[in-house]
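Worksheet for the structure shown next.
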Amino acid sequence: MPYSNNRPHGGSAISGLDLRQLRYAVIAADYGSIRQADEALLIKQSTISRSIRQLEDTLGVAVFARTSGGVQATDAGRQFLRMARSVLDQMDMIIAVSQANGRGESGRLTVGFCTSLTTGNLRATLLEFRTRFPHVQLGTIERSRARLVTALRNGAIDIHIVTGDAPSFYSKVMRLWSERILVVLPESHALAAQDVVYWTDLQDQTILLSQYDPGRELEGLLTTKLTSTSDRLRIERHDVSRGVLKSLVAMGLGLSLVLESDIGANFPGLTYREVRDGTGPSRLEFAAAWREDNESPPLRDFIKLLNERYPASFPV
């Protein structure tokens with residue numbers, strides 16, 4: 001595709017980007033077709049096509065390869081689209097929070113998390129907070145750890161419930177509960193006949209993990225527990241949600257690891273078994289992180305509730 005020789009460079013190229021162009025490109029990638037993106041947005045196809053070409057001209061790279069069947073992201077385009085989605089997510093959160101503040105909704109708490117709400121401690125804590133403080137508008141945001149870190153820094157969320165160790169740059173961190181690690185597998189699988197599954201039982205299995213949290217922590221634990229047989233591990237990483245991952249397990253493509261708070265989302269034909277080593281059940285820790293300069297009364301009340309529900313928790 002031809003590009004203009006006088007397109008802007010460096011900082012001027014960045015200033016030439018338009019959020020609408022980013023959004024059009026992401027939607028076209030999701031649909032795999034500019035025509036279908038046009039129908040979804042109720043915008044003329046020529047408008048979307050022209051906007052994406054302007055975007056490519058500004059970047060100096062082809063985001064899409066055009067075919068008679070639609071569009072497909074190039075290698076450079078896939079990297080750009082991942083970053084574009086992150087930018088759009090953060091802008092959506094910033095706009096939502098700004099609008100809420102503009103409406104005078106000072107009694108608001110926004111909790112970021114990357115775990116399941118089908119059951120478990122986080123679900124119970126949010127329900128109790130809602131009961132105690134019905135006047136507070138409670139918002140929840142599920143994103144990857146990296147995106148929630150940015151959201152916490154820019155004030156789009158008040159507190160982040162994170163698995164594993166929280167990064168040291170958080171102003172305040174409180175250790176909370178821990179959850180057992182379970183293996184999810186088809187009911188017909190040989191390991192389903194066992195009451196518990198040991199890490200060594202997984203060494204010759206195909207393990208499906210999500211690229212979203214807590215997939216990285218689970219993969220790290222898996223490789224640590226099976227260091228001596230790491231060359232026999234078959235780990236497949238998928239850019240899908242936990243629900244889709246369970247569908248892949250139900251299709252017989254492998255097994256997966258989940259936390260016990262995830263068992264509330266039942267899938268037909270699947271079962272769960274506790275994963276152990278020689279010392280007993282394996283667990284993953286949770287922590288809460290927030291900015292020290294956030295003086296929001298709802299945040300203060302939420303932290304107090306965490307201290308009441310989990311008295312063994314403490315700041316680190």
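Letters A, B, ... go to the chains of the structure tokens in the order shown; residues in each chain start at 1; ligands are counted from 1 in the same order.
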
Neighbour list for Leu284 (chain A) as JSON, numbers by chain, cut-off 8 Å, only C-alpha atoms, skip fewer than 2 positions in-chain: {"A": [163, 164, 178, 179, 180, 181, 259, 282, 286]}

Which residue of A:Asn266, A:Tyr272, A:Leu306, A:Leu299 approaches Gly107 (chain A) most closely, using only C-alpha atoms: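 Among the listed residues, A:Leu299 lies closest to Gly107 (chain A).
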
Contacts of Leu182 (chain A) at 7 Å (only C-alpha atoms; same-chain gap of 2+ positions) as a PyMOL selection string: chain A and resi 180+184+257-260+272-275

Kindly export the residues of the current selection with N, CA, C and O atoms, as a short mmCIF file (atom, residue, chain, number, x, y, z; two decimals), in the first residue's frame.
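The result, written out as result.cif:
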data_model
loop_
_atom_site.label_atom_id
_atom_site.label_comp_id
_atom_site.auth_asym_id
_atom_site.auth_seq_id
_atom_site.Cartn_x
_atom_site.Cartn_y
_atom_site.Cartn_z
N ARG A 180 -7.19 -22.25 47.24
CA ARG A 180 -6.63 -23.50 46.74
C ARG A 180 -6.57 -23.49 45.22
O ARG A 180 -7.41 -22.88 44.56
N VAL A 184 -9.02 -28.43 36.48
CA VAL A 184 -10.31 -28.66 35.86
C VAL A 184 -10.09 -29.61 34.70
O VAL A 184 -9.18 -29.42 33.89
N LEU A 257 -5.75 -25.16 35.02
CA LEU A 257 -5.65 -24.86 36.44
C LEU A 257 -6.50 -23.63 36.75
O LEU A 257 -6.48 -22.65 36.00
N VAL A 258 -7.23 -23.68 37.85
CA VAL A 258 -8.07 -22.56 38.27
C VAL A 258 -7.95 -22.40 39.77
O VAL A 258 -7.41 -23.26 40.47
N LEU A 259 -8.46 -21.28 40.27
CA LEU A 259 -8.56 -21.07 41.71
C LEU A 259 -9.95 -21.48 42.18
O LEU A 259 -10.90 -21.52 41.40
N GLU A 260 -10.08 -21.76 43.47
CA GLU A 260 -11.33 -22.31 43.96
C GLU A 260 -12.50 -21.34 43.84
O GLU A 260 -13.65 -21.77 43.79
N TYR A 272 -13.65 -30.83 39.06
CA TYR A 272 -12.50 -30.18 39.66
C TYR A 272 -11.85 -31.11 40.69
O TYR A 272 -12.55 -31.84 41.40
N ARG A 273 -10.54 -31.05 40.76
CA ARG A 273 -9.81 -31.80 41.77
C ARG A 273 -8.74 -30.89 42.38
O ARG A 273 -8.09 -30.12 41.68
N GLU A 274 -8.57 -31.01 43.70
CA GLU A 274 -7.55 -30.24 44.40
C GLU A 274 -6.16 -30.70 43.98
O GLU A 274 -5.92 -31.90 43.82
N VAL A 275 -5.26 -29.73 43.79
CA VAL A 275 -3.88 -30.05 43.42
C VAL A 275 -3.00 -29.96 44.67
O VAL A 275 -3.04 -28.96 45.39
#

What are the closest atom pairs, with distances in Å to one decimal, for all residues of region 263-300 of chain A lying within 10 Å of region 233-255 of chain A? Consider only C-alpha atoms, order rows by chain and residue number, and present the result as a tab-separated table.
residue	atom	partner	partner_atom	distance
A:Ala265	CA	A:Gly243	CA	7.9
A:Asn266	CA	A:Lys246	CA	9.3
A:Phe267	CA	A:Lys246	CA	7.3
A:Pro268	CA	A:Ala250	CA	8.0
A:Gly269	CA	A:Ala250	CA	6.6
A:Leu270	CA	A:Ala250	CA	6.4
A:Thr271	CA	A:Ala250	CA	9.8

Please dump the current selection as a PDB file, in the first residue's frame; keep C-alpha atoms.
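Resulting contents of out-v8.pdb:
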ATOM      1  CA  ALA A 265     -19.086 -21.256  36.988  1.00  0.00           C
ATOM      2  CA  ASN A 266     -20.125 -24.845  36.262  1.00  0.00           C
ATOM      3  CA  PHE A 267     -19.647 -26.359  32.825  1.00  0.00           C
ATOM      4  CA  PRO A 268     -21.393 -29.624  31.856  1.00  0.00           C
ATOM      5  CA  GLY A 269     -19.009 -32.542  31.648  1.00  0.00           C
ATOM      6  CA  LEU A 270     -16.242 -30.931  33.715  1.00  0.00           C
ATOM      7  CA  THR A 271     -15.058 -31.626  37.246  1.00  0.00           C
TER       8      THR A 271
END

Residues flagged strand (DSSP E or B) by DSSP in region 62-166 of chain A, as a VMD selection string: chain A and resid 64 to 67 70 to 73 108 to 113 137 to 142 159 to 163

Those same residues, written as a PDB file, in the first residue's frame with C-alpha atoms?
ATOM      1  CA  PHE A  64      -4.270  -4.885   7.885  1.00  0.00           C
ATOM      2  CA  ALA A  65      -3.814  -7.047   4.850  1.00  0.00           C
ATOM      3  CA  ARG A  66      -6.890  -6.661   2.602  1.00  0.00           C
ATOM      4  CA  THR A  67      -8.433  -9.666   0.874  1.00  0.00           C
ATOM      5  CA  GLY A  70     -12.156  -9.144   4.619  1.00  0.00           C
ATOM      6  CA  VAL A  71      -9.159  -7.871   6.576  1.00  0.00           C
ATOM      7  CA  GLN A  72      -6.471  -9.652   8.570  1.00  0.00           C
ATOM      8  CA  ALA A  73      -3.993  -8.002  10.917  1.00  0.00           C
ATOM      9  CA  ARG A 108     -18.268   5.773  44.786  1.00  0.00           C
ATOM     10  CA  LEU A 109     -15.820   2.891  45.091  1.00  0.00           C
ATOM     11  CA  THR A 110     -14.262   1.238  42.051  1.00  0.00           C
ATOM     12  CA  VAL A 111     -12.611  -2.130  42.617  1.00  0.00           C
ATOM     13  CA  GLY A 112     -10.287  -3.639  40.037  1.00  0.00           C
ATOM     14  CA  PHE A 113      -9.690  -7.375  39.993  1.00  0.00           C
ATOM     15  CA  GLN A 137     -22.045   3.399  44.150  1.00  0.00           C
ATOM     16  CA  LEU A 138     -19.953   0.258  43.706  1.00  0.00           C
ATOM     17  CA  GLY A 139     -18.101  -0.224  40.446  1.00  0.00           C
ATOM     18  CA  THR A 140     -16.028  -3.220  39.375  1.00  0.00           C
ATOM     19  CA  ILE A 141     -13.489  -3.490  36.576  1.00  0.00           C
ATOM     20  CA  GLU A 142     -11.946  -6.771  35.398  1.00  0.00           C
ATOM     21  CA  ILE A 159      -8.254  -0.461  44.922  1.00  0.00           C
ATOM     22  CA  HIS A 160      -6.827  -3.485  43.126  1.00  0.00           C
ATOM     23  CA  ILE A 161      -7.316  -7.065  44.318  1.00  0.00           C
ATOM     24  CA  VAL A 162      -4.322  -8.913  42.909  1.00  0.00           C
ATOM     25  CA  THR A 163      -3.082 -12.505  42.941  1.00  0.00           C
TER      26      THR A 163
END
